[in-house]
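entry24.cif follows; it contains mmCIF, N, CA and C atoms; chains and numbers go by the auth columns.
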```
data_protein
loop_
_atom_site.group_PDB
_atom_site.id
_atom_site.type_symbol
_atom_site.label_atom_id
_atom_site.label_comp_id
_atom_site.label_asym_id
_atom_site.label_seq_id
_atom_site.Cartn_x
_atom_site.Cartn_y
_atom_site.Cartn_z
_atom_site.B_iso_or_equiv
_atom_site.auth_seq_id
_atom_site.auth_asym_id
ATOM 1 N N MET A 1 193.425 133.855 144.679 0.00 1 B
ATOM 2 C CA MET A 1 193.963 134.932 143.853 0.00 1 B
ATOM 3 C C MET A 1 193.165 134.987 142.559 0.00 1 B
ATOM 4 N N ARG A 2 192.812 136.177 142.161 0.00 2 B
ATOM 5 C CA ARG A 2 192.046 136.333 140.941 0.00 2 B
ATOM 6 C C ARG A 2 192.948 136.113 139.727 0.00 2 B
ATOM 7 N N THR A 3 192.340 135.887 138.592 0.00 3 B
ATOM 8 C CA THR A 3 193.088 135.600 137.367 0.00 3 B
ATOM 9 C C THR A 3 194.019 136.731 136.990 0.00 3 B
ATOM 10 N N LEU A 4 193.536 137.959 137.067 0.00 4 B
ATOM 11 C CA LEU A 4 194.362 139.105 136.712 0.00 4 B
ATOM 12 C C LEU A 4 195.575 139.208 137.639 0.00 4 B
ATOM 13 N N GLY A 5 195.379 138.955 138.901 0.00 5 B
ATOM 14 C CA GLY A 5 196.491 138.974 139.850 0.00 5 B
ATOM 15 C C GLY A 5 197.510 137.888 139.541 0.00 5 B
ATOM 16 N N MET A 6 197.045 136.712 139.134 0.00 6 B
ATOM 17 C CA MET A 6 197.959 135.626 138.772 0.00 6 B
ATOM 18 C C MET A 6 198.764 135.991 137.527 0.00 6 B
ATOM 19 N N ILE A 7 198.103 136.626 136.559 0.00 7 B
ATOM 20 C CA ILE A 7 198.809 137.025 135.337 0.00 7 B
ATOM 21 C C ILE A 7 199.861 138.078 135.655 0.00 7 B
ATOM 22 N N ARG A 8 199.500 139.063 136.477 0.00 8 B
ATOM 23 C CA ARG A 8 200.466 140.103 136.836 0.00 8 B
ATOM 24 C C ARG A 8 201.632 139.535 137.631 0.00 8 B
ATOM 25 N N ALA A 9 201.366 138.554 138.485 0.00 9 B
ATOM 26 C CA ALA A 9 202.436 137.962 139.284 0.00 9 B
ATOM 27 C C ALA A 9 203.360 137.114 138.422 0.00 9 B
ATOM 28 N N ALA A 10 202.838 136.532 137.356 0.00 10 B
ATOM 29 C CA ALA A 10 203.635 135.640 136.520 0.00 10 B
ATOM 30 C C ALA A 10 204.483 136.368 135.489 0.00 10 B
ATOM 31 N N THR A 11 204.090 137.580 135.125 0.00 11 B
ATOM 32 C CA THR A 11 204.835 138.305 134.096 0.00 11 B
ATOM 33 C C THR A 11 205.835 139.249 134.748 0.00 11 B
ATOM 34 N N PRO A 12 207.045 139.314 134.210 0.00 12 B
ATOM 35 C CA PRO A 12 208.033 140.231 134.772 0.00 12 B
ATOM 36 C C PRO A 12 207.679 141.675 134.419 0.00 12 B
ATOM 37 N N PRO A 13 208.148 142.620 135.207 0.00 13 B
ATOM 38 C CA PRO A 13 207.851 144.013 134.873 0.00 13 B
ATOM 39 C C PRO A 13 208.531 144.409 133.564 0.00 13 B
ATOM 40 N N PRO A 14 207.955 145.326 132.828 0.00 14 B
ATOM 41 C CA PRO A 14 208.573 145.727 131.563 0.00 14 B
ATOM 42 C C PRO A 14 209.899 146.448 131.810 0.00 14 B
ATOM 43 N N PRO A 15 210.846 146.306 130.892 0.00 15 B
ATOM 44 C CA PRO A 15 212.137 146.961 131.086 0.00 15 B
ATOM 45 C C PRO A 15 212.008 148.474 130.918 0.00 15 B
ATOM 46 N N ASP A 16 212.889 149.183 131.587 0.00 16 B
ATOM 47 C CA ASP A 16 212.913 150.635 131.441 0.00 16 B
ATOM 48 C C ASP A 16 213.608 150.945 130.125 0.00 16 B
ATOM 49 N N LEU A 17 212.851 151.438 129.166 0.00 17 B
ATOM 50 C CA LEU A 17 213.387 151.661 127.832 0.00 17 B
ATOM 51 C C LEU A 17 214.053 153.018 127.671 0.00 17 B
ATOM 52 N N THR A 18 213.991 153.853 128.687 0.00 18 B
ATOM 53 C CA THR A 18 214.521 155.201 128.537 0.00 18 B
ATOM 54 C C THR A 18 215.553 155.583 129.597 0.00 18 B
ATOM 55 N N PRO A 19 216.490 154.720 129.950 0.00 19 B
ATOM 56 C CA PRO A 19 217.447 155.126 130.990 0.00 19 B
ATOM 57 C C PRO A 19 218.357 156.262 130.539 0.00 19 B
ATOM 58 N N ARG A 20 218.747 156.272 129.268 0.00 20 B
ATOM 59 C CA ARG A 20 219.614 157.346 128.796 0.00 20 B
ATOM 60 C C ARG A 20 218.885 158.681 128.805 0.00 20 B
ATOM 61 N N LEU A 21 217.609 158.678 128.417 0.00 21 B
ATOM 62 C CA LEU A 21 216.829 159.913 128.423 0.00 21 B
ATOM 63 C C LEU A 21 216.639 160.420 129.844 0.00 21 B
ATOM 64 N N ARG A 22 216.343 159.520 130.774 0.00 22 B
ATOM 65 C CA ARG A 22 216.171 159.937 132.162 0.00 22 B
ATOM 66 C C ARG A 22 217.471 160.526 132.722 0.00 22 B
ATOM 67 N N ALA A 23 218.601 159.914 132.401 0.00 23 B
ATOM 68 C CA ALA A 23 219.883 160.445 132.864 0.00 23 B
ATOM 69 C C ALA A 23 220.140 161.823 132.259 0.00 23 B
ATOM 70 N N ARG A 24 219.828 161.984 130.997 0.00 24 B
ATOM 71 C CA ARG A 24 220.029 163.272 130.327 0.00 24 B
ATOM 72 C C ARG A 24 219.124 164.354 130.922 0.00 24 B
ATOM 73 N N LEU A 25 217.888 164.004 131.239 0.00 25 B
ATOM 74 C CA LEU A 25 216.976 164.979 131.837 0.00 25 B
ATOM 75 C C LEU A 25 217.434 165.411 133.226 0.00 25 B
ATOM 76 N N ARG A 26 218.065 164.502 133.973 0.00 26 B
ATOM 77 C CA ARG A 26 218.572 164.862 135.295 0.00 26 B
ATOM 78 C C ARG A 26 219.735 165.842 135.190 0.00 26 B
ATOM 79 N N GLU A 27 220.518 165.761 134.093 0.00 27 B
ATOM 80 C CA GLU A 27 221.698 166.602 133.929 0.00 27 B
ATOM 81 C C GLU A 27 221.391 167.963 133.295 0.00 27 B
ATOM 82 N N LEU A 28 220.146 168.226 132.944 0.00 28 B
ATOM 83 C CA LEU A 28 219.806 169.463 132.250 0.00 28 B
ATOM 84 C C LEU A 28 220.055 170.695 133.100 0.00 28 B
ATOM 85 N N LYS A 29 220.500 171.724 132.425 0.00 29 B
ATOM 86 C CA LYS A 29 220.604 173.026 133.065 0.00 29 B
ATOM 87 C C LYS A 29 219.314 173.791 132.779 0.00 29 B
ATOM 88 N N ALA A 30 219.186 174.983 133.286 0.00 30 B
ATOM 89 C CA ALA A 30 217.923 175.733 133.216 0.00 30 B
ATOM 90 C C ALA A 30 217.483 176.032 131.789 0.00 30 B
ATOM 91 N N ASN A 31 218.395 176.380 130.890 0.00 31 B
ATOM 92 C CA ASN A 31 217.987 176.808 129.556 0.00 31 B
ATOM 93 C C ASN A 31 218.314 175.788 128.465 0.00 31 B
ATOM 94 N N GLU A 32 218.651 174.577 128.823 0.00 32 B
ATOM 95 C CA GLU A 32 218.967 173.555 127.824 0.00 32 B
ATOM 96 C C GLU A 32 217.698 172.866 127.337 0.00 32 B
ATOM 97 N N ARG A 33 217.800 172.297 126.150 0.00 33 B
ATOM 98 C CA ARG A 33 216.683 171.543 125.577 0.00 33 B
ATOM 99 C C ARG A 33 217.157 170.151 125.194 0.00 33 B
ATOM 100 N N VAL A 34 216.249 169.213 125.266 0.00 34 B
ATOM 101 C CA VAL A 34 216.520 167.850 124.809 0.00 34 B
ATOM 102 C C VAL A 34 215.670 167.621 123.572 0.00 34 B
ATOM 103 N N THR A 35 216.295 167.199 122.492 0.00 35 B
ATOM 104 C CA THR A 35 215.543 166.904 121.276 0.00 35 B
ATOM 105 C C THR A 35 215.421 165.396 121.113 0.00 35 B
ATOM 106 N N LEU A 36 214.236 164.972 120.777 0.00 36 B
ATOM 107 C CA LEU A 36 213.980 163.560 120.522 0.00 36 B
ATOM 108 C C LEU A 36 213.875 163.366 119.023 0.00 36 B
ATOM 109 N N GLU A 37 214.608 162.408 118.504 0.00 37 B
ATOM 110 C CA GLU A 37 214.582 162.132 117.074 0.00 37 B
ATOM 111 C C GLU A 37 213.916 160.791 116.847 0.00 37 B
ATOM 112 N N LEU A 38 212.875 160.807 116.050 0.00 38 B
ATOM 113 C CA LEU A 38 212.174 159.580 115.710 0.00 38 B
ATOM 114 C C LEU A 38 212.746 159.008 114.419 0.00 38 B
ATOM 115 N N PRO A 39 212.771 157.695 114.295 0.00 39 B
ATOM 116 C CA PRO A 39 213.282 157.112 113.053 0.00 39 B
ATOM 117 C C PRO A 39 212.360 157.424 111.887 0.00 39 B
ATOM 118 N N GLU A 40 212.927 157.417 110.702 0.00 40 B
ATOM 119 C CA GLU A 40 212.130 157.667 109.505 0.00 40 B
ATOM 120 C C GLU A 40 211.172 156.501 109.262 0.00 40 B
ATOM 121 N N PHE A 41 210.068 156.820 108.611 0.00 41 B
ATOM 122 C CA PHE A 41 209.139 155.767 108.240 0.00 41 B
ATOM 123 C C PHE A 41 209.718 154.999 107.067 0.00 41 B
ATOM 124 N N GLY A 42 209.838 153.693 107.225 0.00 42 B
ATOM 125 C CA GLY A 42 210.380 152.856 106.164 0.00 42 B
ATOM 126 C C GLY A 42 209.290 152.407 105.205 0.00 42 B
ATOM 127 N N TRP A 43 209.674 151.519 104.319 0.00 43 B
ATOM 128 C CA TRP A 43 208.727 151.033 103.311 0.00 43 B
ATOM 129 C C TRP A 43 207.591 150.246 103.929 0.00 43 B
ATOM 130 N N GLY A 44 207.850 149.559 105.018 0.00 44 B
ATOM 131 C CA GLY A 44 206.790 148.794 105.669 0.00 44 B
ATOM 132 C C GLY A 44 205.675 149.691 106.173 0.00 44 B
ATOM 133 N N TRP A 45 206.036 150.806 106.808 0.00 45 B
ATOM 134 C CA TRP A 45 205.031 151.754 107.288 0.00 45 B
ATOM 135 C C TRP A 45 204.277 152.397 106.139 0.00 45 B
ATOM 136 N N ARG A 46 205.000 152.726 105.083 0.00 46 B
ATOM 137 C CA ARG A 46 204.345 153.352 103.934 0.00 46 B
ATOM 138 C C ARG A 46 203.363 152.395 103.273 0.00 46 B
ATOM 139 N N LEU A 47 203.760 151.135 103.155 0.00 47 B
ATOM 140 C CA LEU A 47 202.882 150.139 102.550 0.00 47 B
ATOM 141 C C LEU A 47 201.645 149.912 103.415 0.00 47 B
ATOM 142 N N ALA A 48 201.820 149.849 104.731 0.00 48 B
ATOM 143 C CA ALA A 48 200.681 149.664 105.633 0.00 48 B
ATOM 144 C C ALA A 48 199.719 150.842 105.549 0.00 48 B
ATOM 145 N N ALA A 49 200.248 152.054 105.459 0.00 49 B
ATOM 146 C CA ALA A 49 199.388 153.230 105.337 0.00 49 B
ATOM 147 C C ALA A 49 198.628 153.212 104.016 0.00 49 B
ATOM 148 N N LEU A 50 199.299 152.810 102.942 0.00 50 B
ATOM 149 C CA LEU A 50 198.650 152.734 101.639 0.00 50 B
ATOM 150 C C LEU A 50 197.513 151.707 101.658 0.00 50 B
ATOM 151 N N VAL A 51 197.748 150.559 102.250 0.00 51 B
ATOM 152 C CA VAL A 51 196.707 149.525 102.334 0.00 51 B
ATOM 153 C C VAL A 51 195.539 150.019 103.189 0.00 51 B
ATOM 154 N N ALA A 52 195.849 150.711 104.305 0.00 52 B
ATOM 155 C CA ALA A 52 194.787 151.214 105.180 0.00 52 B
ATOM 156 C C ALA A 52 193.919 152.258 104.468 0.00 52 B
ATOM 157 N N VAL A 53 194.528 153.063 103.633 0.00 53 B
ATOM 158 C CA VAL A 53 193.765 154.086 102.918 0.00 53 B
ATOM 159 C C VAL A 53 193.031 153.487 101.723 0.00 53 B
ATOM 160 N N ALA A 54 193.645 152.537 101.035 0.00 54 B
ATOM 161 C CA ALA A 54 193.066 151.998 99.813 0.00 54 B
ATOM 162 C C ALA A 54 191.959 150.977 100.065 0.00 54 B
ATOM 163 N N THR A 55 191.975 150.296 101.195 0.00 55 B
ATOM 164 C CA THR A 55 190.988 149.247 101.456 0.00 55 B
ATOM 165 C C THR A 55 189.554 149.761 101.402 0.00 55 B
ATOM 166 N N PRO A 56 189.217 150.842 102.096 0.00 56 B
ATOM 167 C CA PRO A 56 187.819 151.303 102.004 0.00 56 B
ATOM 168 C C PRO A 56 187.430 151.795 100.614 0.00 56 B
ATOM 169 N N LEU A 57 188.404 152.213 99.831 0.00 57 B
ATOM 170 C CA LEU A 57 188.098 152.721 98.501 0.00 57 B
ATOM 171 C C LEU A 57 187.908 151.609 97.476 0.00 57 B
ATOM 172 N N LEU A 58 188.634 150.514 97.632 0.00 58 B
ATOM 173 C CA LEU A 58 188.616 149.451 96.629 0.00 58 B
ATOM 174 C C LEU A 58 187.668 148.297 96.938 0.00 58 B
ATOM 175 N N VAL A 59 187.382 148.068 98.195 0.00 59 B
ATOM 176 C CA VAL A 59 186.520 146.952 98.586 0.00 59 B
ATOM 177 C C VAL A 59 185.082 147.453 98.651 0.00 59 B
ATOM 178 N N PRO A 60 184.132 146.729 98.042 0.00 60 B
ATOM 179 C CA PRO A 60 182.741 147.207 98.019 0.00 60 B
ATOM 180 C C PRO A 60 182.129 147.374 99.410 0.00 60 B
ATOM 181 N N GLU A 61 182.358 146.444 100.307 0.00 61 B
ATOM 182 C CA GLU A 61 181.825 146.526 101.668 0.00 61 B
ATOM 183 C C GLU A 61 183.002 146.375 102.641 0.00 61 B
ATOM 184 N N PRO A 62 183.678 147.460 102.974 0.00 62 B
ATOM 185 C CA PRO A 62 184.899 147.354 103.773 0.00 62 B
ATOM 186 C C PRO A 62 184.677 146.781 105.173 0.00 62 B
ATOM 187 N N LEU A 63 183.566 147.095 105.824 0.00 63 B
ATOM 188 C CA LEU A 63 183.346 146.560 107.169 0.00 63 B
ATOM 189 C C LEU A 63 183.165 145.048 107.149 0.00 63 B
ATOM 190 N N ARG A 64 182.410 144.545 106.167 0.00 64 B
ATOM 191 C CA ARG A 64 182.230 143.099 106.056 0.00 64 B
ATOM 192 C C ARG A 64 183.555 142.415 105.720 0.00 64 B
ATOM 193 N N PHE A 65 184.345 143.043 104.859 0.00 65 B
ATOM 194 C CA PHE A 65 185.656 142.494 104.499 0.00 65 B
ATOM 195 C C PHE A 65 186.572 142.425 105.716 0.00 65 B
ATOM 196 N N LEU A 66 186.636 143.511 106.494 0.00 66 B
ATOM 197 C CA LEU A 66 187.500 143.527 107.673 0.00 66 B
ATOM 198 C C LEU A 66 187.013 142.528 108.717 0.00 66 B
ATOM 199 N N ALA A 67 185.713 142.386 108.875 0.00 67 B
ATOM 200 C CA ALA A 67 185.178 141.417 109.829 0.00 67 B
ATOM 201 C C ALA A 67 185.478 139.986 109.381 0.00 67 B
ATOM 202 N N ALA A 68 185.347 139.727 108.081 0.00 68 B
ATOM 203 C CA ALA A 68 185.618 138.377 107.577 0.00 68 B
ATOM 204 C C ALA A 68 187.095 138.021 107.660 0.00 68 B
ATOM 205 N N SER A 69 187.951 139.006 107.518 0.00 69 B
ATOM 206 C CA SER A 69 189.384 138.721 107.576 0.00 69 B
ATOM 207 C C SER A 69 189.913 138.716 109.003 0.00 69 B
ATOM 208 N N GLY A 70 189.070 139.029 109.978 0.00 70 B
ATOM 209 C CA GLY A 70 189.480 138.990 111.369 0.00 70 B
ATOM 210 C C GLY A 70 190.196 140.237 111.851 0.00 70 B
ATOM 211 N N LEU A 71 190.146 141.298 111.073 0.00 71 B
ATOM 212 C CA LEU A 71 190.818 142.533 111.453 0.00 71 B
ATOM 213 C C LEU A 71 189.915 143.492 112.216 0.00 71 B
ATOM 214 N N LEU A 72 188.645 143.178 112.268 0.00 72 B
ATOM 215 C CA LEU A 72 187.709 144.049 112.971 0.00 72 B
ATOM 216 C C LEU A 72 186.952 143.288 114.020 0.00 72 B
#
```
With the file now loaded, output its structure as structure tokens.
Amino acid sequence: MRTLGMIRAATPPPPDLTPRLRARLRELKANERVTLELPEFGWGWRLAALVAVATPLLVPEPLRFLAASGLL
């Protein structure tokens, strides 16, 4: 057995994260709509976006910095 096959056999399948959505889609009538609501971006997302935008502007050599920090 190849390595990839062994890894796939050892890991359980991912859980179905959308059973409620699938049930709702099955119950739809012809002219109904399903709206999906995404959660608001919290402070963590805002901070990550700020760092991602500010890094190339503030660091003299951003590619070398990202490579040295292991992010690239």
Expected answer as a ChimeraX atom specification: helix (DSSP H, G or I) residues in chain B: /B:3-10,19-26,43-58,62-68
Could you please take those selected residues and save N, CA and C atoms as a tab-separated table (two decimals), in the coordinates of the input?
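Writing done, so here's result15.tsv:
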```
chain	number	residue	atom	x	y	z
B	3	THR	N	192.34	135.89	138.59
B	3	THR	CA	193.09	135.60	137.37
B	3	THR	C	194.02	136.73	136.99
B	4	LEU	N	193.54	137.96	137.07
B	4	LEU	CA	194.36	139.10	136.71
B	4	LEU	C	195.58	139.21	137.64
B	5	GLY	N	195.38	138.96	138.90
B	5	GLY	CA	196.49	138.97	139.85
B	5	GLY	C	197.51	137.89	139.54
B	6	MET	N	197.04	136.71	139.13
B	6	MET	CA	197.96	135.63	138.77
B	6	MET	C	198.76	135.99	137.53
B	7	ILE	N	198.10	136.63	136.56
B	7	ILE	CA	198.81	137.02	135.34
B	7	ILE	C	199.86	138.08	135.66
B	8	ARG	N	199.50	139.06	136.48
B	8	ARG	CA	200.47	140.10	136.84
B	8	ARG	C	201.63	139.54	137.63
B	9	ALA	N	201.37	138.55	138.49
B	9	ALA	CA	202.44	137.96	139.28
B	9	ALA	C	203.36	137.11	138.42
B	10	ALA	N	202.84	136.53	137.36
B	10	ALA	CA	203.64	135.64	136.52
B	10	ALA	C	204.48	136.37	135.49
B	19	PRO	N	216.49	154.72	129.95
B	19	PRO	CA	217.45	155.13	130.99
B	19	PRO	C	218.36	156.26	130.54
B	20	ARG	N	218.75	156.27	129.27
B	20	ARG	CA	219.61	157.35	128.80
B	20	ARG	C	218.88	158.68	128.80
B	21	LEU	N	217.61	158.68	128.42
B	21	LEU	CA	216.83	159.91	128.42
B	21	LEU	C	216.64	160.42	129.84
B	22	ARG	N	216.34	159.52	130.77
B	22	ARG	CA	216.17	159.94	132.16
B	22	ARG	C	217.47	160.53	132.72
B	23	ALA	N	218.60	159.91	132.40
B	23	ALA	CA	219.88	160.44	132.86
B	23	ALA	C	220.14	161.82	132.26
B	24	ARG	N	219.83	161.98	131.00
B	24	ARG	CA	220.03	163.27	130.33
B	24	ARG	C	219.12	164.35	130.92
B	25	LEU	N	217.89	164.00	131.24
B	25	LEU	CA	216.98	164.98	131.84
B	25	LEU	C	217.43	165.41	133.23
B	26	ARG	N	218.06	164.50	133.97
B	26	ARG	CA	218.57	164.86	135.29
B	26	ARG	C	219.74	165.84	135.19
B	43	TRP	N	209.67	151.52	104.32
B	43	TRP	CA	208.73	151.03	103.31
B	43	TRP	C	207.59	150.25	103.93
B	44	GLY	N	207.85	149.56	105.02
B	44	GLY	CA	206.79	148.79	105.67
B	44	GLY	C	205.68	149.69	106.17
B	45	TRP	N	206.04	150.81	106.81
B	45	TRP	CA	205.03	151.75	107.29
B	45	TRP	C	204.28	152.40	106.14
B	46	ARG	N	205.00	152.73	105.08
B	46	ARG	CA	204.34	153.35	103.93
B	46	ARG	C	203.36	152.40	103.27
B	47	LEU	N	203.76	151.14	103.16
B	47	LEU	CA	202.88	150.14	102.55
B	47	LEU	C	201.64	149.91	103.42
B	48	ALA	N	201.82	149.85	104.73
B	48	ALA	CA	200.68	149.66	105.63
B	48	ALA	C	199.72	150.84	105.55
B	49	ALA	N	200.25	152.05	105.46
B	49	ALA	CA	199.39	153.23	105.34
B	49	ALA	C	198.63	153.21	104.02
B	50	LEU	N	199.30	152.81	102.94
B	50	LEU	CA	198.65	152.73	101.64
B	50	LEU	C	197.51	151.71	101.66
B	51	VAL	N	197.75	150.56	102.25
B	51	VAL	CA	196.71	149.52	102.33
B	51	VAL	C	195.54	150.02	103.19
B	52	ALA	N	195.85	150.71	104.30
B	52	ALA	CA	194.79	151.21	105.18
B	52	ALA	C	193.92	152.26	104.47
B	53	VAL	N	194.53	153.06	103.63
B	53	VAL	CA	193.76	154.09	102.92
B	53	VAL	C	193.03	153.49	101.72
B	54	ALA	N	193.64	152.54	101.04
B	54	ALA	CA	193.07	152.00	99.81
B	54	ALA	C	191.96	150.98	100.06
B	55	THR	N	191.98	150.30	101.20
B	55	THR	CA	190.99	149.25	101.46
B	55	THR	C	189.55	149.76	101.40
B	56	PRO	N	189.22	150.84	102.10
B	56	PRO	CA	187.82	151.30	102.00
B	56	PRO	C	187.43	151.79	100.61
B	57	LEU	N	188.40	152.21	99.83
B	57	LEU	CA	188.10	152.72	98.50
B	57	LEU	C	187.91	151.61	97.48
B	58	LEU	N	188.63	150.51	97.63
B	58	LEU	CA	188.62	149.45	96.63
B	58	LEU	C	187.67	148.30	96.94
B	62	PRO	N	183.68	147.46	102.97
B	62	PRO	CA	184.90	147.35	103.77
B	62	PRO	C	184.68	146.78	105.17
B	63	LEU	N	183.57	147.10	105.82
B	63	LEU	CA	183.35	146.56	107.17
B	63	LEU	C	183.16	145.05	107.15
B	64	ARG	N	182.41	144.54	106.17
B	64	ARG	CA	182.23	143.10	106.06
B	64	ARG	C	183.56	142.42	105.72
B	65	PHE	N	184.34	143.04	104.86
B	65	PHE	CA	185.66	142.49	104.50
B	65	PHE	C	186.57	142.43	105.72
B	66	LEU	N	186.64	143.51	106.49
B	66	LEU	CA	187.50	143.53	107.67
B	66	LEU	C	187.01	142.53	108.72
B	67	ALA	N	185.71	142.39	108.88
B	67	ALA	CA	185.18	141.42	109.83
B	67	ALA	C	185.48	139.99	109.38
B	68	ALA	N	185.35	139.73	108.08
B	68	ALA	CA	185.62	138.38	107.58
B	68	ALA	C	187.10	138.02	107.66
```
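Relative to atom N of Gly44 of chain B, atom C of Arg64 of chain B is found at 25.3 Å.
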Atom N of Val51 of chain B to atom CA of Leu36 of chain B, distance in Å rounded to a single decimal: 27.7 Å
Distance in Å - atom N of Asp16 of chain B versus atom C of Arg33 of chain B: 22.3 Å
